[in-house]
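What follows is model.cif (mmCIF, C-alpha atoms).
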```cif
data_upload
loop_
_atom_site.group_PDB
_atom_site.id
_atom_site.type_symbol
_atom_site.label_atom_id
_atom_site.label_comp_id
_atom_site.auth_asym_id
_atom_site.auth_seq_id
_atom_site.Cartn_x
_atom_site.Cartn_y
_atom_site.Cartn_z
ATOM 1 C CA MET A 1 38.387 -41.383 111.940
ATOM 2 C CA ASP A 2 38.214 -43.284 115.236
ATOM 3 C CA ASP A 3 39.036 -47.003 115.555
ATOM 4 C CA LYS A 4 35.401 -47.978 116.106
ATOM 5 C CA LYS A 5 34.295 -46.302 112.853
ATOM 6 C CA GLN A 6 37.123 -47.954 110.926
ATOM 7 C CA ALA A 7 36.176 -51.355 112.374
ATOM 8 C CA GLU A 8 32.528 -50.867 111.402
ATOM 9 C CA LEU A 9 33.459 -49.845 107.860
ATOM 10 C CA GLY A 10 35.654 -52.948 107.548
ATOM 11 C CA VAL A 11 32.731 -55.202 108.535
ATOM 12 C CA ILE A 12 30.019 -53.586 106.427
ATOM 13 C CA GLY A 13 29.334 -55.694 103.371
ATOM 14 C CA VAL A 14 30.820 -58.917 104.790
ATOM 15 C CA LEU A 15 28.773 -62.026 104.014
ATOM 16 C CA VAL A 16 27.810 -63.601 107.349
ATOM 17 C CA LYS A 17 25.896 -66.577 108.653
ATOM 18 C CA VAL A 18 23.854 -65.714 111.733
ATOM 19 C CA LYS A 19 22.291 -68.303 114.027
ATOM 20 C CA THR A 20 19.576 -67.001 116.343
ATOM 21 C CA SER A 21 18.574 -68.288 119.745
ATOM 22 C CA PHE A 22 15.330 -69.461 118.072
ATOM 23 C CA GLY A 23 17.261 -71.840 115.805
ATOM 24 C CA ASP A 24 16.913 -69.734 112.643
ATOM 25 C CA GLU A 25 19.877 -69.406 110.310
ATOM 26 C CA ILE A 26 20.240 -66.349 108.080
ATOM 27 C CA ILE A 27 22.917 -65.849 105.468
ATOM 28 C CA GLY A 28 23.253 -62.260 104.362
ATOM 29 C CA GLU A 29 25.338 -59.164 103.932
ATOM 30 C CA PHE A 30 26.076 -57.244 107.131
ATOM 31 C CA LEU A 31 24.737 -53.712 106.658
ATOM 32 C CA SER A 32 24.685 -52.047 110.044
ATOM 33 C CA PHE A 33 24.843 -52.262 113.818
ATOM 34 C CA ASP A 34 22.984 -49.766 115.985
ATOM 35 C CA PRO A 35 24.496 -49.619 119.479
ATOM 36 C CA ILE A 36 21.529 -47.678 120.889
ATOM 37 C CA SER A 37 18.896 -50.302 120.012
ATOM 38 C CA SER A 38 21.487 -53.107 119.989
ATOM 39 C CA CYS A 39 20.265 -54.296 116.578
ATOM 40 C CA ILE A 40 22.092 -55.614 113.535
ATOM 41 C CA VAL A 41 20.791 -55.308 109.994
ATOM 42 C CA LEU A 42 21.365 -57.977 107.347
ATOM 43 C CA ARG A 43 20.429 -58.035 103.670
ATOM 44 C CA GLU A 44 19.542 -61.496 102.398
ATOM 45 C CA SER A 45 19.490 -62.149 98.650
ATOM 46 C CA CYS A 46 16.643 -64.397 97.564
ATOM 47 C CA THR A 47 14.179 -65.084 94.773
ATOM 48 C CA ASN A 48 10.635 -63.752 94.754
ATOM 49 C CA PRO A 49 8.460 -66.899 94.833
ATOM 50 C CA THR A 50 5.722 -65.262 92.764
ATOM 51 C CA THR A 51 7.755 -63.707 89.950
ATOM 52 C CA ASN A 52 10.931 -65.798 90.246
ATOM 53 C CA ALA A 53 12.859 -62.513 90.054
ATOM 54 C CA PRO A 54 15.850 -61.705 92.259
ATOM 55 C CA SER A 55 14.754 -60.058 95.482
ATOM 56 C CA GLN A 56 16.070 -59.038 98.891
ATOM 57 C CA ASN A 57 14.913 -59.475 102.469
ATOM 58 C CA PHE A 58 16.152 -57.176 105.192
ATOM 59 C CA HIS A 59 16.471 -58.577 108.706
ATOM 60 C CA VAL A 60 16.709 -56.419 111.815
ATOM 61 C CA LEU A 61 17.833 -58.588 114.721
ATOM 62 C CA LYS A 62 18.246 -57.708 118.382
ATOM 63 C CA SER A 63 21.797 -58.702 119.232
ATOM 64 C CA ASN A 64 20.725 -60.536 122.406
ATOM 65 C CA PHE A 65 18.836 -63.035 120.182
ATOM 66 C CA VAL A 66 21.939 -63.703 118.070
ATOM 67 C CA LYS A 67 23.604 -66.941 119.143
ATOM 68 C CA GLU A 68 26.452 -67.060 116.628
ATOM 69 C CA VAL A 69 27.874 -64.940 113.797
ATOM 70 C CA GLN A 70 30.302 -66.414 111.291
ATOM 71 C CA ALA A 71 31.950 -64.497 108.453
ATOM 72 C CA ILE A 72 31.662 -66.637 105.317
ATOM 73 C CA GLY A 73 32.739 -64.239 102.607
ATOM 74 C CA PRO A 74 34.653 -61.038 101.945
ATOM 75 C CA PRO A 75 32.914 -57.695 101.714
ATOM 76 C CA ALA A 76 30.843 -57.400 98.576
ATOM 77 C CA ALA A 77 31.536 -54.719 96.016
ATOM 78 C CA PRO A 78 30.182 -51.339 97.064
ATOM 79 C CA SER A 79 26.435 -51.594 97.189
ATOM 80 C CA ASP A 80 24.151 -49.774 94.809
ATOM 81 C CA VAL A 81 21.587 -49.203 97.546
ATOM 82 C CA SER A 82 21.072 -45.477 97.618
ATOM 83 C CA LEU A 83 18.879 -43.788 100.127
ATOM 84 C CA LYS A 84 16.444 -41.272 98.747
ATOM 85 C CA PRO A 85 15.778 -38.085 100.671
ATOM 86 C CA VAL A 86 12.783 -38.227 102.998
ATOM 87 C CA ASP A 87 9.987 -35.828 102.093
ATOM 88 C CA LEU A 88 9.195 -34.419 105.545
ATOM 89 C CA ASN A 89 5.957 -32.773 104.378
ATOM 90 C CA LYS A 90 4.693 -36.081 103.013
ATOM 91 C CA LEU A 91 5.760 -37.787 106.235
ATOM 92 C CA ARG A 92 3.850 -35.212 108.322
ATOM 93 C CA LEU A 93 0.751 -35.710 106.165
ATOM 94 C CA GLN A 94 0.974 -39.471 106.662
ATOM 95 C CA GLU A 95 1.373 -38.966 110.405
ATOM 96 C CA ASP A 96 -1.618 -36.591 110.541
ATOM 97 C CA HIS A 97 -3.737 -39.066 108.588
ATOM 98 C CA ALA A 98 -2.711 -41.952 110.863
ATOM 99 C CA LEU A 99 -3.545 -39.878 113.951
ATOM 100 C CA ARG A 100 -6.976 -38.930 112.548
ATOM 101 C CA VAL A 101 -7.721 -42.584 111.810
ATOM 102 C CA ALA A 102 -6.548 -43.643 115.282
ATOM 103 C CA ARG A 103 -8.677 -40.963 116.976
ATOM 104 C CA SER A 104 -11.665 -41.957 114.888
ATOM 105 C CA GLU A 105 -11.227 -45.609 115.831
ATOM 106 C CA ALA A 106 -10.744 -44.716 119.503
ATOM 107 C CA SER A 107 -13.953 -42.649 119.500
ATOM 108 C CA LYS A 108 -15.861 -45.791 118.515
ATOM 109 C CA ILE A 109 -14.963 -47.492 121.792
ATOM 110 C CA GLY A 110 -17.491 -46.891 124.538
ATOM 111 C CA ILE A 111 -16.088 -46.196 127.988
ATOM 112 C CA GLY A 112 -17.812 -48.001 130.828
ATOM 113 C CA VAL A 113 -20.280 -49.816 128.570
ATOM 114 C CA THR A 114 -21.059 -53.515 128.471
ATOM 115 C CA PRO A 115 -19.645 -55.785 125.765
ATOM 116 C CA GLU A 116 -23.215 -56.146 124.450
ATOM 117 C CA ALA A 117 -23.548 -52.357 124.130
ATOM 118 C CA GLN A 118 -20.230 -52.179 122.271
ATOM 119 C CA GLU A 119 -21.319 -54.988 119.946
ATOM 120 C CA ILE A 120 -24.567 -53.127 119.181
ATOM 121 C CA PHE A 121 -22.624 -49.920 118.523
ATOM 122 C CA ASN A 122 -20.220 -51.777 116.214
ATOM 123 C CA ALA A 123 -23.115 -53.268 114.247
ATOM 124 C CA LEU A 124 -24.884 -49.905 113.904
ATOM 125 C CA SER A 125 -21.721 -48.024 112.946
ATOM 126 C CA LYS A 126 -21.169 -50.301 109.944
ATOM 127 C CA THR A 127 -24.123 -48.673 108.177
ATOM 128 C CA LEU A 128 -25.035 -45.544 110.152
ATOM 129 C CA PRO A 129 -23.041 -42.570 111.485
ATOM 130 C CA CYS A 130 -22.695 -43.216 115.226
ATOM 131 C CA ARG A 131 -20.851 -41.842 118.216
ATOM 132 C CA TRP A 132 -20.881 -42.348 121.962
ATOM 133 C CA ASP A 133 -22.235 -39.749 124.424
ATOM 134 C CA ARG A 134 -21.101 -41.380 127.664
ATOM 135 C CA ASP A 135 -23.176 -44.615 127.657
ATOM 136 C CA VAL A 136 -25.720 -43.446 125.058
ATOM 137 C CA ILE A 137 -25.362 -44.302 121.364
ATOM 138 C CA VAL A 138 -26.086 -41.242 119.212
ATOM 139 C CA VAL A 139 -27.066 -41.924 115.601
ATOM 140 C CA PHE A 140 -27.551 -39.191 112.951
ATOM 141 C CA GLU A 141 -26.552 -36.587 115.602
ATOM 142 C CA ASP A 142 -30.050 -36.590 117.133
ATOM 143 C CA THR A 143 -31.340 -40.138 117.590
ATOM 144 C CA ARG A 144 -30.356 -41.575 120.972
ATOM 145 C CA ILE A 145 -30.300 -45.188 122.100
ATOM 146 C CA SER A 146 -30.017 -45.616 125.875
ATOM 147 C CA THR A 147 -29.441 -48.696 127.955
ATOM 148 C CA PRO A 148 -30.694 -51.474 127.521
ATOM 149 C CA TYR A 149 -30.176 -50.564 123.822
ATOM 150 C CA THR A 150 -33.491 -51.945 122.566
ATOM 151 C CA VAL A 151 -35.896 -50.572 119.956
ATOM 152 C CA GLU A 152 -38.034 -49.243 122.823
ATOM 153 C CA SER A 153 -35.080 -47.242 124.212
ATOM 154 C CA CYS A 154 -34.524 -45.538 120.849
ATOM 155 C CA LEU A 155 -35.657 -41.878 120.849
ATOM 156 C CA GLY A 156 -35.527 -39.266 118.110
ATOM 157 C CA GLY A 157 -34.580 -35.715 118.962
ATOM 158 C CA GLU A 158 -35.921 -32.422 117.656
ATOM 159 C CA VAL A 159 -34.320 -32.648 114.214
ATOM 160 C CA ALA A 160 -34.611 -36.432 113.720
ATOM 161 C CA THR A 161 -37.043 -37.267 110.955
ATOM 162 C CA PRO A 162 -39.511 -40.159 111.326
ATOM 163 C CA SER A 163 -37.710 -42.005 108.499
ATOM 164 C CA GLU A 164 -34.347 -41.674 110.305
ATOM 165 C CA LEU A 165 -35.846 -42.983 113.547
ATOM 166 C CA SER A 166 -37.503 -45.844 111.673
ATOM 167 C CA LEU A 167 -34.227 -46.738 109.940
ATOM 168 C CA VAL A 168 -32.280 -46.696 113.222
ATOM 169 C CA LYS A 169 -34.894 -48.954 114.870
ATOM 170 C CA LYS A 170 -34.824 -51.350 111.912
ATOM 171 C CA VAL A 171 -31.001 -51.615 111.908
ATOM 172 C CA LEU A 172 -30.969 -51.949 115.719
ATOM 173 C CA GLU A 173 -33.557 -54.738 115.614
ATOM 174 C CA GLY A 174 -31.555 -56.558 112.912
ATOM 175 C CA ALA A 175 -28.339 -56.236 114.937
ATOM 176 C CA ARG A 176 -30.011 -57.595 118.077
ATOM 177 C CA ASN A 177 -31.512 -60.504 116.102
ATOM 178 C CA ARG A 178 -28.082 -61.395 114.662
ATOM 179 C CA MET A 179 -26.570 -61.259 118.140
ATOM 180 C CA LYS A 180 -29.324 -63.501 119.495
ATOM 181 C CA THR A 181 -28.869 -65.993 116.616
ATOM 182 C CA LYS A 182 -25.100 -65.981 117.140
ATOM 183 C CA SER A 183 -25.427 -66.635 120.878
ATOM 184 C CA ASN A 184 -27.892 -69.521 120.287
ATOM 185 C CA SER A 185 -25.553 -71.357 117.938
#
```

Produce structure tokens that represent the structure in this file.
Amino acid sequence: MDDKKQAELGVIGVLVKVKTSFGDEIIGEFLSFDPISSCIVLRESCTNPTTNAPSQNFHVLKSNFVKEVQAIGPPAAPSDVSLKPVDLNKLRLQEDHALRVARSEASKIGIGVTPEAQEIFNALSKTLPCRWDRDVIVVFEDTRISTPYTVESCLGGEVATPSELSLVKKVLEGARNRMKTKSNS
């Protein structure tokens, strides 16, 4: 084992007091130092304010924000913190879900549209299925609202039913009225 590894193992578990350049003071057990990110990890023992049960906070600190480190106690007994294996399939599913959500949210942002147009889209999309087609709001896949995004600029397509068009116009009119009321106050 090289000298660096031996030195790290001798420091792990030591109770330290860390003062940050922001004036914070943390007392905790030294767990790790990552030379690539230049971060140290501390485990602070505390009490959960809600349940009054023993708890732990983990602090990850960039070393350039650490003003002072002082060892205040010997290494604790070997820790009972065991790392569980990471389920890579579950992790991939979480990643896929997060990407789908991010893409869905990104598709709700109009490109090259006015803030008023985006606000109208946001209001409509709370209750109706909407998407952007360049600068046109498409509702129910066939009802189109063009600039200036008024009831008069709302057109139903070939498959749009009269009730769908009526509903879109009603929601659009309500959204515009709320925007007008909000801007007057």

Checklist outcome for this item: Closest of A:Val69, A:Pro85, A:Leu42, A:Arg131 to Ala106 in chain A, counting all atoms listed in the file, is A:Arg131

Checklist entry - Residues picked by the PyMOL selection byres ((chain A and resi 28-37) around 8) here, as a list in words? => result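 With the PyMOL selection byres ((chain A and resi 28-37) around 8) on this model, the match is Val11, Ile12, Gly13, Val14, Leu15, Val16, Lys17, Ile26, Ile27, Ser38, Cys39, Ile40, Val41, Leu42, Arg43, Glu44, Ser45, Lys62 and Ala76 of chain A.
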
File dump, residues just selected, C-alpha atoms, as a CSV table (one decimal), in the coordinates of the input:
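The result, written out as again.csv:
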```csv
chain,number,residue,atom,x,y,z
A,11,VAL,CA,32.7,-55.2,108.5
A,12,ILE,CA,30.0,-53.6,106.4
A,13,GLY,CA,29.3,-55.7,103.4
A,14,VAL,CA,30.8,-58.9,104.8
A,15,LEU,CA,28.8,-62.0,104.0
A,16,VAL,CA,27.8,-63.6,107.3
A,17,LYS,CA,25.9,-66.6,108.7
A,26,ILE,CA,20.2,-66.3,108.1
A,27,ILE,CA,22.9,-65.8,105.5
A,38,SER,CA,21.5,-53.1,120.0
A,39,CYS,CA,20.3,-54.3,116.6
A,40,ILE,CA,22.1,-55.6,113.5
A,41,VAL,CA,20.8,-55.3,110.0
A,42,LEU,CA,21.4,-58.0,107.3
A,43,ARG,CA,20.4,-58.0,103.7
A,44,GLU,CA,19.5,-61.5,102.4
A,45,SER,CA,19.5,-62.1,98.6
A,62,LYS,CA,18.2,-57.7,118.4
A,76,ALA,CA,30.8,-57.4,98.6
```

Checklist entry - Distance CA of Asp96 in chain A-CA of Lys108 in chain A, one decimal place? => result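 Separation of CA of Asp96 in chain A and CA of Lys108 in chain A: 18.7 Å.
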
Item to check | Selection under test: the PyMOL selection byres ((chain A and resi 117) around 10); residues as a PyMOL selection string | outcome: chain A and resi 110+112-116+118-123+135-137+146-149

Checklist entry - Hey, can you check how far CA of Ser153 in chain A sits from CA of Lys169 in chain A? => result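 So the answer is 9.5 Å.
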
Checklist entry - Mind pulling up the distance from CA of Thr181 in chain A to CA of Leu165 in chain A? => result 24.2 Å

Next on the checklist: Nearest residue to Thr150 in chain A out of A:Val101, A:Leu91, A:Val171, A:Ala53, using all atoms listed in the file?
Outcome noted: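 Among the listed residues, A:Val171 lies closest to Thr150 in chain A.
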
Next on the checklist: Measuring between only C-alpha atoms, which one of A:Ala98, A:Met179, A:Cys154, A:Val18 shows the shortest distance to His59 in chain A?
Outcome noted: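 Closest candidate: A:Val18.
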
Item to check | Counting all atoms listed in the file, the option among A:Glu173, A:Leu88, A:Leu128, A:Phe22 closest to Asn64 in chain A | outcome: A:Phe22

Checklist entry - Of the residues A:Asn52, A:Asn57, A:Asp142, A:Gln70, which is the one nearest to Thr20 in chain A, using all atoms listed in the file? => result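 Among the listed residues, the smallest separation from Thr20 in chain A belongs to A:Gln70.
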